[in-house]
Amino acid sequence: MKKVYVLQFSPCSSDNCGIGKYQENFMNIFANYVEIETKFFDPGPYKTRLMKKDEFNVVKHKLAKELESFDILHIQHEFALYSGSQFAQIINIAKSMDKKVVVTIHTSPSVILKSTQLSSFIINYLRQKWCHFRINKNHIYPIRKADLLITHNKNTSNDLNRYGIELNKILQITIPVLKLRDFKHVSTEITEKLKCSPEDIIYAMVGFMNEHKNITDAVKALKYLPEHYKFAIIGGMHPLDKGNIYNVITDLIDKEGLKHRVYITGFVESDDQLNALIREVDICVYPYSNRYYGQASSGALNLAFANECPVIAYPTDSFKELNEEFHPIKITDKPACYELAREIMLIDKDSLLNASAKFSEKYSYTNISRCILKAYQQLI
């Protein structure tokens with residue numbers, strides 16, 4: 001087949017962004033293939049989202065110039081990555097040049113486009129209508145112009161279909177598991193901070209903090225667990241998140257008298273250190289909200305698989321979908337902290353690790369990158 005040339009408009013790992021690391025992992029695989037030549041466009045969305053109109057016009061000119069040498073523009077889409085009409089303008093440049101456009105959708109539109117209902121406060125109703133208008137204009141309508149959309153779960157695929165995208169334009173992939181080079185990097189940070197003894201059991205949550213991850217439920221689960229169970233939060237606040245969740249979590253820890261049983265690492269910059277921290281713990285938990293993560297996928301879960309750590313999660317739609325084939329996740333009966341505590345005590349580690357090993361083999365970056373390369377080739 002003809003060699004394909006792809007320009008990537010995406011965050012990269014230097015942005016300390018999960019999407020950036022996700023796409024950079026694909027780029028590292030693509031570098032080994034003769035069938036594709038690809039590169040990141042610079043500047044990426046973390047820089048452009050802060051630009052004024054004149055600055056962004058310079059970027060648009062540069063993008064059009066670089067895109068002349070490529071067949072495809074591949075854009076990573078998350079609503080917070082684009083200011084105003086920037087996303088629409090980027091797609092319009094590519095389409096005006098007769099280039100193919102691929103967009104990876106990391107969050108379903110329905111997560112942002114909540115239903116508009118007439119309330120007793122007419123101002124709220126009008127504000128919601130204006131929000132819908134802007135999101136449709138700046139995101140939904142441009143998405144429809146793409147030649148291919150990549151999603152990570154059925155709910156997002158079906159949601160896009162409801163917003164007018166044909167299913168034959170959607171490629172649904174599983175977020176891949178990264179095969180780690182080695183386990184040589186070792187950490188004792190968590191066990192030291194929690195003053196762990198050999199009989200202690202540590203469960204952890206991994207990734208950026210946000211209100212949709214129900215971190216408070218993981219803290220509350222300690223109340224139902226014996227004293228030798230301890231909890232680690234491996235991560236800090238996302239750079240784009242202005243929420244108050246960190247204070248909410250720490251206030252709860254203080255209120256419940258759990259400071260001696262909880263440790264928060266804060267943001268971990270080094271991937272080697274992040275993976276080593278995960279290998280310190282016995283179990284990873286993901287008590288995520290179905291309202292948000294039912295239509296958004298999380299790469300943080302795959303970090304547990306990559307580090308051979310068993311996983312317990314709430315019955316979120318995206319997690320139940322991942323569990324259909326190999327059952328690598330122990331899913332609680334109900335999304336409740338008591339149920340989370342019960343499964344932590346009853347966990348069958350060997351069974352989960354065997355299942356996650358099979359999952360990781362099938363859904364490796366190497367295998368999924370081949371699917372994406374094939375999709376690129378079919379477009380041109």
# chains A, B, ... in the order shown; residues from 1 in each chain; ligands from 1
call {"tool": "select_by_dssp", "arguments": {"residues": "region 129-303 of chain A", "states": "alpha helix (DSSP H)", "output": "number ranges by chain"}}
result
A: 129-135, 141-144, 154-162, 189-193, 215-220, 245-255, 271-280, 290-293, 300-303
call {"tool": "select_by_dssp", "arguments": {"residues": "region 41-192 of chain A", "states": "strand (DSSP E)", "output": "number ranges by chain"}}
result
A: 72-77, 100-105, 148-151, 170-172
call {"tool": "closest_atom_pairs", "arguments": {"of": "region 245-283 of chain A", "to": "region 197-211 of chain A", "cutoff": "8 Å", "atoms": "only C-alpha atoms", "output": "Markdown table"}}
result
| residue | atom | partner | partner_atom | distance |
| --- | --- | --- | --- | --- |
| A:Ile245 | CA | A:Glu211 | CA | 6.0 |
| A:Tyr246 | CA | A:Met209 | CA | 7.3 |
| A:Phe267 | CA | A:Phe208 | CA | 7.6 |
| A:Ile278 | CA | A:Val206 | CA | 7.7 |
| A:Val281 | CA | A:Ile202 | CA | 5.1 |
| A:Asp282 | CA | A:Ile202 | CA | 5.4 |
| A:Ile283 | CA | A:Tyr203 | CA | 4.6 |
call {"tool": "closest_residue", "arguments": {"among": "A:Tyr263, A:Tyr293, A:Tyr163, A:Tyr33", "to": "Glu192 (chain A)", "atoms": "only C-alpha atoms"}}
result
A:Tyr263
call {"tool": "residues_around", "arguments": {"residues": "region 74-83 of chain A", "least_positions_apart": "2", "cutoff": "8 Å", "atoms": "only C-alpha atoms", "output": "list in words"}}
result
Val6, Leu7, Gln8, Phe9, Ser10, Pro11, Ile19, Pro45, Tyr46, Thr48, Arg49, Leu50, Ile72, Ser85, Gln86, Phe87, Val101, Val102, Val103, Thr104, Ile105, His106, Thr107, His139 and Leu240 of chain A
call {"tool": "residues_around", "arguments": {"residues": "Ala336 (chain A)", "least_positions_apart": "4", "cutoff": "10 Å", "atoms": "only C-alpha atoms", "output": "PyMOL selection string"}}
result
chain A and resi 214+217-218+220-221+287+314-315+332+340-341
